[in-house]
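Chemist: Below: one structure in structure tokens.
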Amino acid sequence: MNPRHRPLGGGRVQVTELAFGAAGIGNLFTAVSDEQAEQAVTAAWEAGVRYFDTAPHYGLGLSERRLGDALRERPREQYTLSTKVGRLLEPSPSSDGDDLANGFAVPATHQRVWDFSARGVRRSVEDSLNRLGLDRIDIAYLHDPDDHAEQALDEAYPELERLRAEGVVGAIGLGMNQAELPARFIRETDIDAVLLAGRYTLLDQRGLAELLPLAQQRGVGVVIGGVFNSGLLADPRPGATFDYTAAPAHLLGRALEFKAVCETYGVPLRAAALRFPFGHPAVASVLVGTRSAAEVRDAAAMLDHPVPAALWAELRDRGLLREDVPTPEEVS
């Protein structure tokens with residue numbers, strides 16, 4: 001893969017088109033070994049990936065520790081790292097059991113505490129730096145403040161501005177799986193980036209209604225996560241998931257239509273799903289959650305796979321994409 005770098009928003013940081021989502025190496029749903037996690041990060045580096053995203057939430061800090069271990073000996077100026085604030089990790093009164101109720105196959109040694117206060121944000125950043133073993137965070141995302149919007153706006157965001165001024169944080173972002181609150185943040189703050197999960201995909205373009213045009217207008221960079229909508233666009237079949245629940249029949253049928261059109265052009269559906277977001281000029285990077293070297297290499301190969309303009313045109317002709325959805329030019 002020939003790494004393609006893009007400025008994120010106002011250009012405070014650079015990201016590669018393909019980003020490594022590190023929830024998987026935090027034992028999302030099933031465990032992976034330290035060696036497998038290191039191999040996944042190494043494969044990403046070898047594929048030209050230079051943007052890595054993690055969060056305290058992922059495996060109760062395991063993802064941050066593993067990602068920090070894998071990146072620590074690599075030249076710090078050559079990669080961009082993001083993590084998130086909003087959930088503090090507090091020791092659990094009882095460490096019995098596991099964290100699978102929250103999606104991670106790790107011992108329940110800690111519990112998450114929502115905290116978008118200024119003090120909580122500063123502590124979250126400090127704790128993340130300790131787990132990562134690094135001296136700065138390139139992008140700090142406010143993580144899922146759906147039920148904490150006012151505190152995130154009034155307390156968390158100003159504290160991130162202070163941390164940005166101090167050089168501890170390079171850029172400020174908001175990471176969510178909805179498009180409405182990020183649009184408000186773009187209007188009311190000076191954020192640099194939005195990490196939008198699952199809301200700008202072949203199957204779900206809610207981000208196009210307001211968020212993406214507003215981001216383009218205000219110079220805010222957008223990173224798109226969840227391009228496979230948790231699995232349906234990676235492998236559409238009965239039992240596949242959409243946004244982490246069983247896909248309804250009408251969405252499965254639509255995904256199978258996408259797959260059939262892609263196959264007539266010799267394009268894997270995964271390749272079209274990965275390339276699609278780049279049709280919008282606000283999009284700087286696509287983040288893919290990977291847990292193994294093989295998954296990383298597949299994502300890199302899919303993003304590099306040529307997708308002819310005629311494929312996008314046929315998707316429009318068949319009514320699978322709206323006429324006003326921007327699509328990428330052919331990639332070669």
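Chain labels A, B, ... are given in the sequence in which chains occur in the structure tokens; within each chain residues are numbered consecutively from 1, and ligands are likewise numbered from 1 in the order shown.
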I'd like the contact shell of Leu211 in chain A - 12 Å cut-off, only C-alpha atoms, skipping same-chain residues fewer than 6 positions apart - returned as a PyMOL selection string.

Modeler: chain A and resi 176+178-187+193-196+199-200+205+217-222+280+282-283

Chemist: Got time to write the residues from that selection, N, CA and C atoms, as a CSV table (one decimal), in the first residue's frame?

Modeler:
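Final output, saved to selection08.csv:
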chain,number,residue,atom,x,y,z
A,176,MET,N,-18.6,9.7,17.9
A,176,MET,CA,-20.0,9.2,18.1
A,176,MET,C,-20.5,8.4,17.0
A,178,GLN,N,-23.8,8.9,16.1
A,178,GLN,CA,-24.9,9.7,15.7
A,178,GLN,C,-24.3,10.9,15.0
A,179,ALA,N,-25.1,11.6,14.1
A,179,ALA,CA,-24.6,12.7,13.4
A,179,ALA,C,-25.1,14.0,13.9
A,180,GLU,N,-26.2,14.0,14.7
A,180,GLU,CA,-26.8,15.3,15.1
A,180,GLU,C,-26.0,16.1,16.1
A,181,LEU,N,-25.6,15.5,17.2
A,181,LEU,CA,-24.8,16.2,18.2
A,181,LEU,C,-23.4,16.6,17.7
A,182,PRO,N,-22.7,15.8,16.9
A,182,PRO,CA,-21.5,16.4,16.3
A,182,PRO,C,-21.7,17.6,15.5
A,183,ALA,N,-22.8,17.7,14.8
A,183,ALA,CA,-23.1,18.9,14.0
A,183,ALA,C,-23.2,20.1,15.0
A,184,ARG,N,-23.8,19.9,16.1
A,184,ARG,CA,-23.9,21.0,17.1
A,184,ARG,C,-22.6,21.4,17.6
A,185,PHE,N,-21.7,20.5,17.9
A,185,PHE,CA,-20.3,20.8,18.3
A,185,PHE,C,-19.6,21.6,17.2
A,186,ILE,N,-19.8,21.2,16.0
A,186,ILE,CA,-19.1,22.0,14.9
A,186,ILE,C,-19.6,23.4,14.9
A,187,ARG,N,-20.9,23.6,15.1
A,187,ARG,CA,-21.4,25.0,15.1
A,187,ARG,C,-21.0,25.8,16.3
A,193,ALA,N,-12.0,17.8,14.5
A,193,ALA,CA,-12.3,16.5,13.9
A,193,ALA,C,-13.6,15.9,14.5
A,194,VAL,N,-14.2,15.1,13.6
A,194,VAL,CA,-15.3,14.2,14.1
A,194,VAL,C,-15.0,12.8,13.6
A,195,LEU,N,-15.1,11.8,14.6
A,195,LEU,CA,-15.1,10.4,14.3
A,195,LEU,C,-16.5,9.9,14.2
A,196,LEU,N,-17.0,9.7,13.0
A,196,LEU,CA,-18.4,9.3,12.9
A,196,LEU,C,-18.5,7.8,12.5
A,199,ARG,N,-22.5,6.1,10.3
A,199,ARG,CA,-23.5,7.0,9.8
A,199,ARG,C,-23.2,7.6,8.5
A,200,TYR,N,-22.1,7.0,7.8
A,200,TYR,CA,-21.9,7.4,6.5
A,200,TYR,C,-21.3,6.2,5.7
A,205,GLN,N,-26.6,6.9,5.2
A,205,GLN,CA,-25.9,8.1,4.9
A,205,GLN,C,-26.5,9.3,5.7
A,217,GLN,N,-17.7,23.0,5.3
A,217,GLN,CA,-17.8,24.5,5.4
A,217,GLN,C,-16.9,25.0,6.5
A,218,ARG,N,-16.8,24.4,7.6
A,218,ARG,CA,-16.1,24.9,8.8
A,218,ARG,C,-14.6,24.4,8.8
A,219,GLY,N,-14.2,23.5,7.9
A,219,GLY,CA,-12.9,23.0,7.9
A,219,GLY,C,-12.6,22.0,8.9
A,220,VAL,N,-13.6,21.2,9.3
A,220,VAL,CA,-13.5,20.2,10.3
A,220,VAL,C,-13.3,18.8,9.6
A,221,GLY,N,-12.2,18.1,9.9
A,221,GLY,CA,-11.9,16.8,9.3
A,221,GLY,C,-12.8,15.7,9.8
A,222,VAL,N,-13.2,14.8,9.0
A,222,VAL,CA,-14.1,13.7,9.4
A,222,VAL,C,-13.4,12.4,9.2
A,280,HIS,N,-16.9,12.1,-0.3
A,280,HIS,CA,-17.2,13.5,0.3
A,280,HIS,C,-15.9,14.1,0.7
A,282,ALA,N,-15.0,16.2,2.9
A,282,ALA,CA,-14.7,16.4,4.3
A,282,ALA,C,-14.0,15.2,4.9
A,283,VAL,N,-14.2,14.0,4.2
A,283,VAL,CA,-13.6,12.8,4.8
A,283,VAL,C,-12.1,12.7,4.6

Chemist: Using only C-alpha atoms, which protein or nucleic acid residues come within 10 Å of range 292-305 of chain A? Drop anything in the same chain fewer than 2 positions from it, and give the result as a PyMOL selection string.

Modeler: chain A and resi 1-3+17-21+24-25+32-33+35-49+266-276+286-290+307-308+330-332

Chemist: Grab the CA of Gln111 in chain A to CA of Ser92 in chain A distance for me, in Å with one decimal place.

Modeler: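 Atom-to-atom, CA of Gln111 in chain A to CA of Ser92 in chain A, that is 5.4 Å.
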
Chemist: Near Arg65 in chain A, within 6 Å and counting only C-alpha atoms, which residues show up once chain neighbours fewer than 2 positions away are dropped, as a PyMOL selection string?

Modeler: chain A and resi 62-63+67-68+131-132

Chemist: Find the residues around range 248-254 of chain A up to 10 Å (only C-alpha atoms counted), leave out those fewer than 5 positions away in its own chain, and share them as a short mmCIF file (atom, residue, chain, number, x, y, z; two decimals) with N, CA, C and O atoms, in the first residue's frame.

Modeler:
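Dumped to result-v4.cif:
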data_model
loop_
_atom_site.label_atom_id
_atom_site.label_comp_id
_atom_site.auth_asym_id
_atom_site.auth_seq_id
_atom_site.Cartn_x
_atom_site.Cartn_y
_atom_site.Cartn_z
N LEU A 202 -22.46 2.76 2.79
CA LEU A 202 -23.32 2.42 1.66
C LEU A 202 -24.78 2.26 2.09
O LEU A 202 -25.71 2.55 1.33
N LEU A 203 -25.00 1.80 3.32
CA LEU A 203 -26.36 1.53 3.79
C LEU A 203 -26.97 2.65 4.62
O LEU A 203 -28.18 2.67 4.83
N LEU A 232 -22.46 -6.40 8.26
CA LEU A 232 -23.36 -6.68 7.15
C LEU A 232 -22.73 -6.37 5.80
O LEU A 232 -22.91 -7.11 4.83
N LEU A 233 -21.97 -5.28 5.71
CA LEU A 233 -21.35 -4.91 4.45
C LEU A 233 -20.00 -5.61 4.21
O LEU A 233 -19.41 -5.46 3.15
N ASP A 235 -19.83 -9.09 4.90
CA ASP A 235 -20.25 -10.43 4.46
C ASP A 235 -21.76 -10.55 4.63
O ASP A 235 -22.23 -11.10 5.63
N PRO A 236 -22.55 -10.03 3.66
CA PRO A 236 -24.00 -10.08 3.82
C PRO A 236 -24.55 -11.50 3.66
O PRO A 236 -24.40 -12.12 2.62
N ARG A 237 -25.15 -11.99 4.70
CA ARG A 237 -25.71 -13.34 4.72
C ARG A 237 -26.70 -13.42 5.88
O ARG A 237 -26.65 -12.58 6.79
N PRO A 238 -27.58 -14.40 5.88
CA PRO A 238 -28.49 -14.54 7.01
C PRO A 238 -27.71 -14.67 8.32
O PRO A 238 -26.73 -15.42 8.41
N GLY A 239 -28.13 -13.91 9.31
CA GLY A 239 -27.44 -13.91 10.59
C GLY A 239 -26.40 -12.82 10.73
O GLY A 239 -25.88 -12.60 11.83
N ALA A 240 -26.07 -12.12 9.63
CA ALA A 240 -25.11 -11.03 9.71
C ALA A 240 -25.68 -9.91 10.57
O ALA A 240 -26.89 -9.74 10.70
N THR A 241 -24.78 -9.12 11.15
CA THR A 241 -25.21 -8.06 12.06
C THR A 241 -25.15 -6.70 11.39
O THR A 241 -24.31 -6.43 10.53
N PHE A 242 -26.05 -5.83 11.80
CA PHE A 242 -26.06 -4.43 11.41
C PHE A 242 -26.11 -3.62 12.69
O PHE A 242 -27.04 -3.75 13.49
N LYS A 259 -23.78 -6.21 -3.14
CA LYS A 259 -22.77 -7.23 -3.42
C LYS A 259 -22.88 -7.73 -4.86
O LYS A 259 -21.86 -7.90 -5.55
N ALA A 260 -24.11 -7.95 -5.34
CA ALA A 260 -24.30 -8.47 -6.69
C ALA A 260 -23.80 -7.48 -7.74
O ALA A 260 -23.14 -7.88 -8.71
N LEU A 320 -29.89 2.20 -5.54
CA LEU A 320 -29.22 1.79 -4.31
C LEU A 320 -28.49 2.96 -3.65
O LEU A 320 -28.25 2.95 -2.44
#

Chemist: As number ranges by chain, which residues of range 69-129 of chain A does DSSP assign to helix (DSSP H, G or I)?

Modeler: A: 69-71, 76-78, 100-102, 118-129

Chemist: Would you work out the distance separating CA of Gly120 in chain A from CA of Pro93 in chain A, expressed in Å to one decimal?

Modeler: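 Value for the CA of Gly120 in chain A-CA of Pro93 in chain A distance: 20.2 Å.
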
Chemist: So which bits of range 19-203 of chain A end up strand (DSSP E or B) when you DSSP the backbone, as JSON, numbers by chain?

Modeler: {"A": [19, 20, 21, 28, 51, 52, 53, 80, 81, 82, 83, 84, 85, 87, 88, 89, 90, 91, 98, 99, 104, 105, 106, 107, 110, 111, 112, 113, 114, 137, 138, 139, 140, 141, 142, 143, 169, 170, 171, 172, 173, 174, 175, 176, 193, 194, 195, 196, 197]}

Chemist: Counting only C-alpha atoms, which residue out of A:Asp34, A:Glu329, A:Asp146, A:Glu161 sits closest to Pro281 in chain A?

Modeler: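 Of A:Asp34, A:Glu329, A:Asp146, A:Glu161, the one nearest Pro281 in chain A is A:Glu329, counting only C-alpha atoms.
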
Chemist: With only C-alpha atoms as the counted atoms, please give the residues lying no more than 10 Å from Gln151 in chain A, apart from itself and same-chain residues fewer than 6 positions off, as a CSV table (one decimal) with N, CA and C atoms, in the first residue's frame.

Modeler:
chain,number,residue,atom,x,y,z
A,115,ASP,N,-17.5,10.7,33.0
A,115,ASP,CA,-17.0,12.0,33.6
A,115,ASP,C,-16.6,12.9,32.5
A,116,PHE,N,-17.4,13.9,32.2
A,116,PHE,CA,-17.0,14.9,31.2
A,116,PHE,C,-16.7,16.3,31.9
A,117,SER,N,-16.4,16.2,33.2
A,117,SER,CA,-15.9,17.4,33.9
A,117,SER,C,-14.5,17.8,33.5
A,118,ALA,N,-14.1,19.0,33.7
A,118,ALA,CA,-12.8,19.5,33.4
A,118,ALA,C,-11.7,18.6,34.1
A,145,PRO,N,-20.7,11.4,24.1
A,145,PRO,CA,-21.4,12.2,25.1
A,145,PRO,C,-22.9,12.3,24.9
A,157,TYR,N,-15.0,20.2,26.8
A,157,TYR,CA,-14.4,20.9,25.6
A,157,TYR,C,-13.4,22.0,26.0

Chemist: Provide the CA of Leu60 in chain A to CA of Gln78 in chain A distance in Å, to one decimal place.

Modeler: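 Going from CA of Leu60 in chain A over to CA of Gln78 in chain A, I get 26.9 Å.
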
Chemist: Tell me which of A:Ala31, A:Leu153, A:Leu81, A:Val15 sits closest to Leu100 in chain A, counting only C-alpha atoms.

Modeler: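 The shortest atom-to-atom distance to Leu100 in chain A comes from A:Ala31.
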
Chemist: Name the closest residue to Val121 in chain A among the candidates A:Leu89, A:Ala246, A:Ile191, A:Leu256; distances are taken between atoms, counting only C-alpha atoms.

Modeler: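 Residue with the minimum atom-to-atom distance to Val121 in chain A: A:Leu89.
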
Chemist: Using only C-alpha atoms, can you tell me which of A:Val168, A:Leu71, A:Ala108, A:Ala313 comes closest to Arg136 in chain A?

Modeler: A:Val168

Chemist: Which residues, written as a ChimeraX atom specification, have at least one atom at most 6 Å from Asn229 in chain A, with only C-alpha atoms counted and residues fewer than 2 positions away on the same chain left out?

Modeler: /A:198,226-227,231,242-243

Chemist: Kindly export the residues of the current selection with all heavy atoms, as a compact mmCIF listing (two decimals), in the first residue's frame.

Modeler:
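Generated output (part-v9.txt):
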# COMPACT_ATOMS: atom_id res chain seq x y z
N GLY A 198 -20.54 4.52 11.58
CA GLY A 198 -21.72 3.86 11.05
C GLY A 198 -22.76 4.73 10.39
O GLY A 198 -23.77 4.23 9.89
N GLY A 226 -16.88 2.27 11.20
CA GLY A 226 -18.04 1.41 11.01
C GLY A 226 -18.52 1.31 9.59
O GLY A 226 -19.73 1.21 9.34
N VAL A 227 -17.59 1.34 8.61
CA VAL A 227 -18.02 1.31 7.20
C VAL A 227 -18.71 0.02 6.83
O VAL A 227 -19.44 -0.03 5.84
CB VAL A 227 -16.84 1.56 6.24
CG1 VAL A 227 -16.33 2.98 6.36
CG2 VAL A 227 -15.73 0.55 6.46
N GLY A 231 -20.62 -5.52 10.23
CA GLY A 231 -20.48 -6.83 9.60
C GLY A 231 -21.30 -7.05 8.35
O GLY A 231 -20.91 -7.81 7.47
N PHE A 242 -26.05 -5.83 11.80
CA PHE A 242 -26.06 -4.43 11.41
C PHE A 242 -26.11 -3.62 12.69
O PHE A 242 -27.04 -3.75 13.49
CB PHE A 242 -27.29 -4.12 10.54
CG PHE A 242 -27.41 -2.67 10.16
CD1 PHE A 242 -26.74 -2.16 9.05
CD2 PHE A 242 -28.19 -1.79 10.91
CE1 PHE A 242 -26.84 -0.83 8.69
CE2 PHE A 242 -28.31 -0.46 10.56
CZ PHE A 242 -27.63 0.02 9.45
N ASP A 243 -25.09 -2.79 12.91
CA ASP A 243 -24.99 -2.03 14.16
C ASP A 243 -25.13 -2.95 15.38
O ASP A 243 -25.84 -2.64 16.34
CB ASP A 243 -26.02 -0.90 14.20
CG ASP A 243 -25.67 0.23 13.23
OD1 ASP A 243 -24.62 0.14 12.57
OD2 ASP A 243 -26.46 1.19 13.14

Chemist: Tell me which of A:Thr109, A:Thr30, A:Thr264, A:Thr201 sits closest to Pro277 in chain A, counting only C-alpha atoms.

Modeler: A:Thr201

Chemist: So, with only C-alpha atoms as the atoms that count, which of A:Cys262, A:Val125, A:Leu174, A:Ala156 lies closest to His143 in chain A?

Modeler: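 Distance minimum relative to His143 in chain A lands on A:Leu174.
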